[in-house]
Each structure stands twice: as structure tokens, then as C-alpha cells.
>>> print(open('query02.csv').read())   # CSV, C-alpha atoms
chain,number,residue,atom,x,y,z
A,1,MET,CA,7.5,-6.3,-27.2
A,2,ASN,CA,4.7,-6.2,-24.7
A,3,PHE,CA,4.0,-2.8,-23.3
A,4,VAL,CA,1.6,-1.8,-20.5
A,5,ILE,CA,1.1,1.9,-20.1
A,6,LEU,CA,-0.7,3.5,-17.2
A,7,GLY,CA,-2.5,6.8,-17.8
A,8,CYS,CA,-4.1,7.7,-21.1
A,9,GLY,CA,-3.4,11.5,-21.0
A,10,ARG,CA,-1.4,13.3,-23.7
A,11,VAL,CA,1.8,11.4,-23.0
A,12,GLY,CA,0.3,8.0,-22.4
A,13,SER,CA,-1.9,8.1,-25.5
A,14,ARG,CA,0.8,9.4,-27.7
A,15,LEU,CA,3.2,6.7,-26.4
A,16,ALA,CA,0.6,4.0,-26.9
A,17,VAL,CA,-0.2,5.1,-30.5
A,18,LEU,CA,3.5,5.4,-31.5
A,19,LEU,CA,4.3,2.0,-30.1
A,20,ASP,CA,1.2,0.5,-31.7
A,21,LYS,CA,2.2,1.9,-35.1
A,22,MET,CA,5.7,0.3,-34.6
A,23,GLY,CA,4.0,-3.0,-34.3
A,24,HIS,CA,4.3,-3.6,-30.6
A,25,ASN,CA,1.7,-5.2,-28.4
A,26,VAL,CA,0.2,-2.3,-26.3
A,27,ALA,CA,-2.3,-2.2,-23.4
A,28,ILE,CA,-3.2,1.1,-21.9
A,29,ILE,CA,-5.0,1.7,-18.5
A,30,ASP,CA,-7.0,4.7,-17.4
A,31,ARG,CA,-9.5,5.3,-14.6
A,32,THR,CA,-12.1,6.7,-17.1
A,33,SER,CA,-13.3,5.6,-20.5
A,34,ASP,CA,-13.4,9.2,-21.5
A,35,ALA,CA,-9.6,9.2,-21.6
A,36,PHE,CA,-9.6,6.6,-24.4
A,37,LYS,CA,-11.2,9.2,-26.7
A,38,ARG,CA,-7.6,10.4,-27.3
A,39,LEU,CA,-6.9,7.1,-29.0
A,40,PRO,CA,-7.6,6.9,-32.8
A,41,THR,CA,-10.0,4.3,-34.1
A,42,THR,CA,-7.0,2.8,-35.9
A,43,PHE,CA,-5.4,1.9,-32.5
A,44,LYS,CA,-5.0,-1.9,-32.3
A,45,GLY,CA,-3.9,-2.2,-28.7
A,46,ARG,CA,-6.1,-2.8,-25.7
A,47,ALA,CA,-7.7,-0.2,-23.5
A,48,VAL,CA,-8.4,-1.2,-19.9
A,49,ILE,CA,-10.5,0.8,-17.5
A,50,GLY,CA,-9.4,0.7,-13.9
A,51,ILE,CA,-7.2,1.9,-11.1
A,52,GLY,CA,-3.5,1.3,-12.0
A,53,ILE,CA,-2.4,0.5,-8.5
A,54,ASP,CA,-4.8,-2.5,-8.4
A,55,GLU,CA,-3.1,-5.8,-9.0
A,56,ASP,CA,-6.1,-7.3,-10.7
A,57,VAL,CA,-6.4,-4.4,-13.1
A,58,LEU,CA,-2.7,-4.7,-13.9
A,59,LYS,CA,-3.2,-8.4,-14.5
A,60,SER,CA,-6.1,-7.9,-16.9
A,61,ALA,CA,-3.8,-5.5,-18.8
A,62,GLY,CA,-1.3,-8.4,-19.2
A,63,ILE,CA,1.3,-7.2,-16.7
A,64,GLU,CA,2.5,-10.7,-16.2
A,65,GLN,CA,3.7,-10.9,-19.8
A,66,ALA,CA,4.8,-7.3,-20.0
A,67,ASP,CA,8.4,-6.4,-21.1
A,68,VAL,CA,7.9,-2.8,-20.3
A,69,PHE,CA,5.7,-0.9,-17.9
A,70,ALA,CA,5.4,2.9,-18.1
A,71,ALA,CA,3.5,4.9,-15.4
A,72,VAL,CA,2.5,8.3,-16.9
A,73,THR,CA,-0.6,9.4,-15.0
A,74,ASN,CA,-0.6,13.0,-13.7
A,75,GLY,CA,-0.3,11.7,-10.1
A,76,ASP,CA,3.3,11.2,-8.9
A,77,ASN,CA,2.4,8.9,-6.1
A,78,THR,CA,0.1,6.8,-8.3
A,79,ASN,CA,3.1,6.4,-10.8
A,80,ILE,CA,5.5,5.6,-7.9
A,81,MET,CA,3.2,2.9,-6.4
A,82,ALA,CA,2.2,1.3,-9.7
A,83,SER,CA,5.8,1.1,-10.7
A,84,GLN,CA,6.8,-0.6,-7.5
A,85,VAL,CA,4.0,-3.1,-7.9
A,86,ALA,CA,5.1,-3.8,-11.5
A,87,LYS,CA,8.7,-4.1,-10.5
A,88,GLU,CA,8.6,-5.9,-7.2
A,89,LEU,CA,5.4,-8.0,-7.4
A,90,PHE,CA,5.3,-8.7,-11.1
A,91,GLN,CA,9.0,-8.5,-11.9
A,92,VAL,CA,8.5,-6.6,-15.1
A,93,PRO,CA,12.0,-6.3,-16.7
A,94,ARG,CA,11.8,-2.6,-17.5
A,95,VAL,CA,9.7,-0.1,-15.4
A,96,ILE,CA,9.6,3.6,-16.0
A,97,ALA,CA,7.8,6.2,-13.8
A,98,ARG,CA,7.1,9.8,-14.5
A,99,ILE,CA,7.6,11.9,-11.4
A,100,TYR,CA,7.0,15.7,-11.6
A,101,ASP,CA,8.4,16.5,-8.2
A,102,PRO,CA,12.3,16.6,-8.6
A,103,ILE,CA,12.9,15.8,-4.9
A,104,ARG,CA,10.7,12.7,-4.9
A,105,GLU,CA,12.2,11.8,-8.3
A,106,GLY,CA,15.6,12.0,-6.8
A,107,THR,CA,14.7,9.8,-3.8
A,108,TYR,CA,13.0,7.1,-5.9
A,109,HIS,CA,15.7,7.2,-8.5
A,110,ALA,CA,18.3,6.6,-5.8
A,111,LEU,CA,16.1,3.6,-4.6
A,112,GLY,CA,16.5,2.0,-8.0
A,113,LEU,CA,13.4,3.0,-9.8
A,114,ASP,CA,13.8,4.2,-13.4
A,115,THR,CA,12.4,7.7,-13.3
A,116,ILE,CA,11.7,10.6,-15.7
A,117,CYS,CA,11.2,14.1,-14.2
A,118,PRO,CA,9.7,16.4,-16.8
A,119,THR,CA,10.3,19.4,-14.5
A,120,THR,CA,14.1,19.0,-14.6
A,121,LEU,CA,14.2,18.0,-18.2
A,122,ILE,CA,12.3,21.2,-19.3
A,123,THR,CA,14.1,23.6,-17.0
A,124,ASN,CA,17.5,22.2,-18.1
A,125,GLN,CA,16.5,22.3,-21.7
A,126,ILE,CA,15.5,26.0,-21.5
A,127,ILE,CA,18.7,26.9,-19.6
A,128,ASN,CA,20.8,25.1,-22.1
A,129,ASP,CA,19.0,26.6,-25.1
A,130,VAL,CA,19.1,30.2,-23.7
A,131,LEU,CA,22.5,30.3,-22.1
A,132,SER,CA,25.2,29.5,-24.6
A,133,GLY,CA,28.8,28.5,-24.0
A,134,ASP,CA,30.6,30.5,-21.4
A,135,MET,CA,27.4,31.9,-19.9
A,136,LEU,CA,26.9,28.5,-18.3
A,137,PRO,CA,28.5,27.9,-15.0
A,138,GLY,CA,31.8,26.1,-15.6
A,139,SER,CA,30.8,26.3,-19.3
A,140,ASN,CA,29.3,22.8,-18.8
A,141,LYS,CA,25.8,22.1,-19.9
A,142,VAL,CA,23.4,21.5,-17.1
A,143,ALA,CA,23.2,17.8,-16.6
A,144,ASN,CA,19.8,16.3,-17.0
A,145,ARG,CA,19.8,14.9,-13.5
B,1,MET,CA,8.8,9.4,21.6
B,2,TYR,CA,8.1,11.7,18.7
B,3,ILE,CA,5.2,10.7,16.3
B,4,ILE,CA,4.3,12.4,13.0
B,5,VAL,CA,0.8,11.9,11.8
B,6,ALA,CA,0.2,12.6,8.1
B,7,GLY,CA,-3.3,13.4,6.9
B,8,GLY,CA,-5.7,15.5,8.9
B,9,GLY,CA,-9.0,13.9,8.1
B,10,LYS,CA,-11.2,12.5,10.9
B,11,VAL,CA,-8.8,9.6,11.5
B,12,GLY,CA,-5.8,11.8,11.7
B,13,ARG,CA,-7.5,14.4,13.8
B,14,TYR,CA,-8.7,12.0,16.5
B,15,LEU,CA,-5.5,10.0,16.4
B,16,THR,CA,-3.5,13.2,17.0
B,17,GLU,CA,-5.8,14.3,19.9
B,18,THR,CA,-5.6,10.8,21.5
B,19,LEU,CA,-1.8,10.6,21.2
B,20,VAL,CA,-1.4,14.1,22.6
B,21,ASN,CA,-3.6,13.2,25.6
B,22,ASP,CA,-1.5,10.1,26.1
B,23,GLY,CA,1.5,12.3,26.6
B,24,TYR,CA,3.3,11.8,23.2
B,25,GLU,CA,5.0,14.5,21.3
B,26,VAL,CA,2.9,14.6,18.1
B,27,LEU,CA,2.8,16.7,14.9
B,28,LEU,CA,0.0,16.5,12.4
B,29,ILE,CA,0.7,17.4,8.8
B,30,GLU,CA,-2.3,18.4,6.8
B,31,ARG,CA,-2.6,19.8,3.3
B,32,LEU,CA,-5.5,22.3,3.8
B,33,LYS,CA,-4.8,25.5,5.6
B,34,ALA,CA,-8.3,25.8,6.9
B,35,LYS,CA,-8.1,22.5,8.7
B,36,VAL,CA,-4.8,23.3,10.2
B,37,GLU,CA,-6.2,26.6,11.6
B,38,GLN,CA,-9.2,24.7,13.0
B,39,TYR,CA,-7.1,22.1,14.7
B,40,THR,CA,-4.7,24.6,16.1
B,41,GLU,CA,-7.7,26.4,17.7
B,42,GLN,CA,-9.0,23.1,19.1
B,43,LEU,CA,-5.9,21.2,20.0
B,44,GLY,CA,-3.1,23.8,20.3
B,45,GLY,CA,0.0,24.0,18.2
B,46,VAL,CA,0.1,20.4,17.0
B,47,ALA,CA,-0.7,20.8,13.3
B,48,VAL,CA,1.3,22.2,10.4
B,49,GLN,CA,0.3,22.9,6.8
B,50,GLY,CA,2.0,21.0,4.0
B,51,ASP,CA,2.1,18.0,1.7
B,52,ALA,CA,3.6,15.2,3.7
B,53,CYS,CA,4.7,13.5,0.4
B,54,GLU,CA,7.3,16.3,-0.1
B,55,ALA,CA,10.7,15.8,1.5
B,56,GLN,CA,11.0,19.4,2.5
B,57,VAL,CA,7.8,19.3,4.5
B,58,LEU,CA,8.9,16.1,6.3
B,59,ALA,CA,12.3,17.7,6.9
B,60,ASP,CA,10.7,20.8,8.4
B,61,ALA,CA,8.4,18.6,10.5
B,62,GLY,CA,11.5,17.1,12.1
B,63,ALA,CA,11.2,13.7,10.4
B,64,GLY,CA,14.9,13.2,11.1
B,65,ARG,CA,14.3,12.7,14.8
B,66,ALA,CA,10.8,11.0,14.5
B,67,ASP,CA,10.4,7.6,16.0
B,68,VAL,CA,7.1,6.8,14.2
B,69,ILE,CA,5.3,8.0,11.1
B,70,ILE,CA,1.6,7.2,10.7
B,71,ALA,CA,0.1,8.0,7.3
B,72,VAL,CA,-3.7,8.1,7.3
B,73,THR,CA,-4.7,10.1,4.3
B,74,GLY,CA,-7.6,8.8,2.2
B,75,ASP,CA,-5.3,7.8,-0.7
B,76,ASP,CA,-3.3,4.6,-0.5
B,77,GLU,CA,-0.6,5.7,-2.9
B,78,ASP,CA,0.0,8.9,-0.9
B,79,ASN,CA,0.2,6.8,2.3
B,80,LEU,CA,2.8,4.5,0.7
B,81,VAL,CA,5.0,7.4,-0.5
B,82,ILE,CA,4.8,9.2,2.8
B,83,CYS,CA,5.9,6.1,4.7
B,84,GLN,CA,8.7,5.2,2.2
B,85,MET,CA,10.1,8.8,2.1
B,86,ALA,CA,10.0,8.9,5.9
B,87,LYS,CA,11.7,5.5,6.3
B,88,ARG,CA,14.3,5.8,3.5
B,89,LYS,CA,15.1,9.4,3.4
B,90,PHE,CA,14.8,10.2,7.1
B,91,ASN,CA,15.4,6.8,8.7
B,92,VAL,CA,12.2,7.0,10.7
B,93,GLY,CA,12.1,3.7,12.7
B,94,ARG,CA,8.6,2.6,12.2
B,95,ALA,CA,6.0,3.4,9.5
B,96,ILE,CA,2.3,2.7,9.9
B,97,ALA,CA,0.0,3.2,6.9
B,98,ARG,CA,-3.8,3.3,6.6
B,99,VAL,CA,-4.9,1.1,3.7
B,100,ASN,CA,-8.2,1.9,2.1
B,101,ASN,CA,-8.2,-0.9,-0.5
B,102,PRO,CA,-7.7,-4.2,1.5
B,103,LYS,CA,-5.8,-5.6,-1.5
B,104,ASN,CA,-3.0,-3.1,-0.9
B,105,GLU,CA,-2.2,-4.5,2.6
B,106,ARG,CA,-0.1,-7.2,1.0
B,107,ILE,CA,1.6,-4.8,-1.4
B,108,PHE,CA,2.5,-2.4,1.4
B,109,LYS,CA,4.1,-5.1,3.5
B,110,HIS,CA,6.0,-6.3,0.5
B,111,LEU,CA,7.3,-2.7,-0.1
B,112,GLY,CA,8.6,-2.3,3.4
B,113,ILE,CA,5.8,-0.7,5.4
B,114,ASP,CA,6.0,-2.0,9.0
B,115,ALA,CA,2.3,-2.1,9.8
B,116,THR,CA,-1.0,-1.5,7.9
B,117,VAL,CA,-4.5,-0.8,9.1
B,118,SER,CA,-7.4,-1.5,6.8
B,119,HIS,CA,-10.7,-0.1,8.1
B,120,THR,CA,-12.4,-2.0,5.3
B,121,ASN,CA,-10.9,-5.3,6.6
B,122,ILE,CA,-11.7,-4.4,10.2
B,123,ILE,CA,-15.4,-3.8,9.4
B,124,LEU,CA,-15.5,-7.0,7.2
B,125,SER,CA,-14.1,-9.1,10.1
B,126,MET,CA,-16.7,-7.6,12.4
B,127,ILE,CA,-19.4,-8.6,10.0
B,128,GLU,CA,-17.9,-12.1,9.9
B,129,GLN,CA,-18.1,-12.2,13.6
B,130,VAL,CA,-21.8,-11.4,13.8
B,131,ILE,CA,-22.8,-13.8,11.1
B,132,PRO,CA,-23.0,-17.2,12.8
B,133,SER,CA,-22.5,-19.3,9.7
B,134,HIS,CA,-19.0,-17.8,9.5
B,135,SER,CA,-17.6,-19.8,12.3
B,136,LEU,CA,-14.0,-19.2,11.4
B,137,TRP,CA,-12.7,-15.7,11.8
B,138,HIS,CA,-9.5,-14.3,10.6
B,139,LEU,CA,-7.8,-12.4,13.4
B,140,THR,CA,-4.5,-11.2,12.0
B,141,HIS,CA,-1.6,-11.8,9.6
B,142,LEU,CA,1.7,-12.4,11.3
B,143,ARG,CA,4.2,-10.0,9.9
B,144,ASN,CA,7.0,-11.3,7.7
B,145,SER,CA,5.4,-14.8,7.4
B,146,ASP,CA,2.7,-16.6,5.6
B,147,LEU,CA,1.0,-17.4,8.8
B,148,GLU,CA,-2.2,-16.0,10.1
B,149,MET,CA,-4.1,-16.3,13.3
B,150,ILE,CA,-7.7,-17.5,13.2
B,151,ASP,CA,-10.5,-18.0,15.7
B,152,ALA,CA,-13.1,-20.7,15.5
B,153,VAL,CA,-16.0,-21.6,17.8
B,154,LEU,CA,-16.8,-25.3,17.8
B,155,GLY,CA,-20.5,-26.0,17.0
B,156,SER,CA,-22.4,-29.1,17.8
B,157,ASN,CA,-21.4,-30.7,14.5
B,158,SER,CA,-17.7,-30.0,14.7
B,159,PRO,CA,-15.7,-33.1,13.6
B,160,VAL,CA,-13.2,-32.6,16.5
B,161,LEU,CA,-15.7,-32.9,19.4
B,162,ASN,CA,-14.6,-35.4,22.1
B,163,LYS,CA,-11.3,-35.8,20.2
B,164,SER,CA,-7.9,-34.9,21.7
B,165,LEU,CA,-5.7,-32.3,20.1
B,166,SER,CA,-2.9,-34.8,19.4
B,167,SER,CA,-5.3,-37.0,17.4
B,168,ILE,CA,-6.2,-34.3,14.9
B,169,ASN,CA,-4.2,-34.2,11.7
B,170,LEU,CA,-3.6,-30.5,11.4
B,171,PRO,CA,-1.7,-29.4,8.3
B,172,ALA,CA,2.0,-28.5,8.6
B,173,ASP,CA,2.7,-25.1,10.0
B,174,SER,CA,-0.6,-25.1,11.8
B,175,ASN,CA,-1.2,-25.3,15.5
B,176,VAL,CA,-3.8,-24.7,18.1
B,177,VAL,CA,-2.4,-22.1,20.5
B,178,LEU,CA,-5.2,-21.3,22.8
B,179,VAL,CA,-8.7,-22.6,23.8
B,180,VAL,CA,-11.3,-20.5,25.6
B,181,ARG,CA,-13.7,-22.7,27.5
B,182,ASN,CA,-16.5,-21.2,29.8
B,183,GLY,CA,-14.6,-17.9,29.9
B,184,LYS,CA,-11.3,-19.6,30.9
B,185,THR,CA,-8.3,-19.7,28.7
B,186,ILE,CA,-6.4,-22.9,28.3
B,187,VAL,CA,-3.0,-23.3,26.7
B,188,PRO,CA,-3.7,-26.7,25.2
B,189,ARG,CA,-1.5,-29.7,25.3
B,190,GLY,CA,-1.9,-32.8,23.2
B,191,ASP,CA,-4.2,-34.4,25.6
B,192,LEU,CA,-6.8,-31.6,25.6
B,193,VAL,CA,-10.2,-33.0,24.5
B,194,PHE,CA,-12.4,-30.6,22.6
B,195,ALA,CA,-15.9,-29.8,23.9
B,196,PRO,CA,-18.9,-28.0,22.2
B,197,HIS,CA,-18.6,-24.2,22.3
B,198,ASP,CA,-14.9,-24.2,22.8
B,199,GLU,CA,-13.3,-21.2,21.2
B,200,VAL,CA,-10.2,-22.3,19.4
B,201,ILE,CA,-7.4,-19.9,18.4
B,202,ALA,CA,-4.9,-21.3,16.0
B,203,ILE,CA,-1.9,-20.3,13.9
B,204,VAL,CA,-2.3,-21.5,10.3
B,205,ALA,CA,-0.4,-21.2,7.1
B,206,ARG,CA,-2.4,-19.0,4.8
B,207,ASN,CA,-2.9,-21.6,2.1
B,208,SER,CA,-4.2,-24.2,4.6
B,209,ARG,CA,-6.9,-22.0,6.1
B,210,HIS,CA,-9.7,-23.9,4.4
B,211,GLU,CA,-8.4,-27.3,5.4
B,212,VAL,CA,-8.2,-26.1,9.1
B,213,ARG,CA,-11.8,-24.8,8.8
B,214,ARG,CA,-12.9,-28.2,7.5
B,215,LEU,CA,-11.1,-30.0,10.3
B,216,LEU,CA,-12.3,-27.8,13.2
B,217,VAL,CA,-15.7,-26.6,12.0
B,218,GLY,CA,-16.8,-29.2,9.5
B,219,THR,CA,-18.7,-28.4,6.4
B,220,GLU,CA,-21.3,-25.7,6.9
>>> encode(input="query02.csv", output="C-alpha cells")
Amino acid sequence: MNFVILGCGRVGSRLAVLLDKMGHNVAIIDRTSDAFKRLPTTFKGRAVIGIGIDEDVLKSAGIEQADVFAAVTNGDNTNIMASQVAKELFQVPRVIARIYDPIREGTYHALGLDTICPTTLITNQIINDVLSGDMLPGSNKVANR
Amino acid sequence: MYIIVAGGGKVGRYLTETLVNDGYEVLLIERLKAKVEQYTEQLGGVAVQGDACEAQVLADAGAGRADVIIAVTGDDEDNLVICQMAKRKFNVGRAIARVNNPKNERIFKHLGIDATVSHTNIILSMIEQVIPSHSLWHLTHLRNSDLEMIDAVLGSNSPVLNKSLSSINLPADSNVVLVVRNGKTIVPRGDLVFAPHDEVIAIVARNSRHEVRRLLVGTE
């Protein structure tokens, strides 16, 4: 499958490398070339320097042929805008945005964006790990969303 | 009318001051505490501190009863999110966004922002107006359509001089709506005959702009 990943931080670079190893076609975008130092020399995908909310940058990363777009920069709003551009303008079939702010995540999730909120994932994980069985309210595990 | 301004840079600050002086109820949301204190001292209690991208901040600012939100931070993605949150979560009637990268104007409109202002485009169009070789100026895009309004001054080598409006083969979706001649405005009919120095204002389909330029102005 064709993947376009926005943001070459810890998550973006790891995702890119794993997908690349699995034999997928990967392009990764970041504002600075420094970020691409996280990629090993064995990485066969493409690294594109540019602003991820810029249509032309997305095009040069192959967004028009992409099956999946993942926005994982450290800026919630950058991820939100880039994802909407990918989804609405380029009709990428699967678009995923990382949003740290749970309220913003809730709003955009309700609006039909596929979102991942690390904040709720981690807090729920810790609560579920620490509080066992009947200590949990209603003895149900805290839902992930 | 209640207006929320998001982003207290120079644009936001002067916009707030002007709107207050015009008698509107205005609240400015700015991230930096120091700026909020400075504006409160200068303008009275019209500014609050907070990140306008956050729903709680918008709720506290009374977004639920706001008529208009104007997002004028220096970051396009922030302006987009502020406007979308205001419109979709708080049902604010009208959202206006400042667009720093002109390319984003189209995207913003596509994503439901009512109006955009691009200072980059405004300055560009002013440059176009002072460069005489650029005799066709883009005035505005018409919202929710592929039409735009253009303005052309007919030079001495314009192909339409001494021809009537009805005899010109304008592309489909295009029409001359106004002619300014010697300072007087004329709403043209088919029998209007073009004269040198006529200023012609036309509605054109975006993809036929170049053809209209060729017809009215000729090749430069």
C-alpha cells in the first residue's frame, strides 16, 4: 500500500521504518531535513522536506496515489488541517490524525475524522493497569474513548 | 452583535480597537498574558488570556452566543481550527479567517470557512495594480462559485476598441457588468461601444480568465 506520513518525529519515523520493512511504499514529510536523521540508511522510502499543510508538498509526496495518510507532527492543528486536506481535497481513503488535546480530538472525531488521542490512551492504560477488577467504577474497564 | 477576535497580534489588536470604537461588543482572546495585560490597560476589559483553539476557552468567552468569530493568528492551521471549533461546536454564525499562505484560501473555503482574508494576496493585487503591464486585475472570488471578478483598463491596442459589447465573443459564464468611463459608471447593454481608457469590470469563470484577458486587453 502507499503510505504518506506527516511528521518525522519518534512516532512518524518509527511508523515509516516499520511500514518500509513490511514492504510498503512510504513517503515521509517533515519541515526540516534534520528530522530525517532518525531514519536509518536502510530506509527505502522517500523523505520530503516541506510544510505538510501545503497542497504542493503533499502532491510531491504522492498524496494523489496514497491509500493511507497519517498526520503525526507534534502540532494538533497541523495534523487536523493536513488530515482534512488529505481527506477532503485529495480523497485519500484512510486518513488518521494524532491529536493530543482530548476535547479537540472529541470534536474532530465527531466530525468524521479518524483520530488517535495519546493523552486518553495513556491515562486509560495506566488506570486500567493500576486499578484492577472491582476498584474500577462499575467494574468496567475505562473505555478508550 | 457579539464578535470574538482570536489572536492578539497587531492585526487582532487594531481590529479589536476599531470594532469597539464602532460600537460592537468585542472580546479578544490572546495566548500571552503580558499582551492581555497591556491591551487591558490600553483598551479596557476587552481581552482574555487563553488558547482559542481550546473548546473550554471558547466556551468561557461566550462563543455560544457569538455572532461572528474572526481568527487572525499568524498560523493558518490555528485559524482553521479556531473557526471550525466555533462554527461546529458553538454554532457561531459566521467565521472569518486570516490566511497567511494564499494557497490556503481555497482550502479554507472548501472546509467551510465563510470568508478569508489574505494579506499576501492583497499586497500582490496592489502590486499588480501599480504595474502598468498588468492590465487585468483580479478583484475578488465569488463565494461558492468558480467565478471571479476582474478589472481591466483598455489600452490603445485593445482588440475591442470601437466594437460593441454584443459583438464580442465572451466565453460562457463571463459577462461585463460595469464600465467606468471618464469617472462615470455605466451598466453596459449590448450596444455599448468600447473606447480607449474604459475601465471594464467583468465576472469571469476562473478557467477562462486568460481568454478574457486576450479578448479585452490583447497580447501584451
>>> residues_near_point(input="query02.csv", point="(0.7, 4.7, 10.3)", cutoff="10 Å", atoms="only C-alpha atoms", output="list of chain:residue names")
B:Ile3, B:Ile4, B:Val5, B:Ala6, B:Gly12, B:Val68, B:Ile69, B:Ile70, B:Ala71, B:Val72, B:Thr73, B:Asn79, B:Leu80, B:Ile82, B:Cys83, B:Arg94, B:Ala95, B:Ile96, B:Ala97, B:Arg98, B:Val99, B:Ile113, B:Asp114, B:Ala115, B:Thr116, B:Val117
>>> closest_residue(input="query02.csv", among="A:Gly50, A:Gly112, A:Gly23, A:Gly9", to="A:Ala35", atoms="only C-alpha atoms")
A:Gly9
>>> atom_distance(input="query02.csv", atom1="atom CA of B:Ala152", atom2="atom CA of B:His197")
9.4 Å
>>> residues_around(input="query02.csv", residues="stretch 209-220 of chain B", least_positions_apart="4", cutoff="8 Å", atoms="only C-alpha atoms", output="list in words")
Ser133, Ser135, Leu136, Ala152, Val153, Leu154, Gly155, Asn157, Ser158, Pro159, Val160, Ile168, Leu170, Pro171, Val204 and Ala205 of chain B
>>> closest_residue(input="query02.csv", among="B:Leu147, B:Lys163, B:Gln84, B:Gly50", to="A:Asn77", atoms="only C-alpha atoms")
B:Gln84
>>> residues_around(input="query02.csv", residues="B:Asp146", least_positions_apart="2", cutoff="10 Å", atoms="all atoms listed in the file", output="NGL selection string")
:B and (141-144 or 148 or 173 or 204-207)
>>> residues_around(input="query02.csv", residues="A:Val95", least_positions_apart="6", cutoff="7 Å", atoms="only C-alpha atoms", output="ChimeraX atom specification")
/A:68-70,83,87,114
>>> residues_around(input="query02.csv", residues="A:Ile96", least_positions_apart="4", cutoff="12 Å", atoms="only C-alpha atoms", output="PyMOL selection string")
chain A and resi 3-6+67-73+79-87+92+105+108-109+112-117
>>> interface_residues(input="query02.csv", of="chain B", to="chain A", cutoff="12 Å", atoms="all atoms listed in the file", output="PyMOL selection string")
chain B and resi 51-59+75-90+100-112
>>> atom_distance(input="query02.csv", atom1="atom CA of B:Ala47", atom2="atom CA of B:Tyr14")
12.3 Å
>>> closest_residue(input="query02.csv", among="B:Ala61, B:Ala172, B:Ile201, B:Leu43", to="B:Thr185", atoms="only C-alpha atoms")
B:Ile201
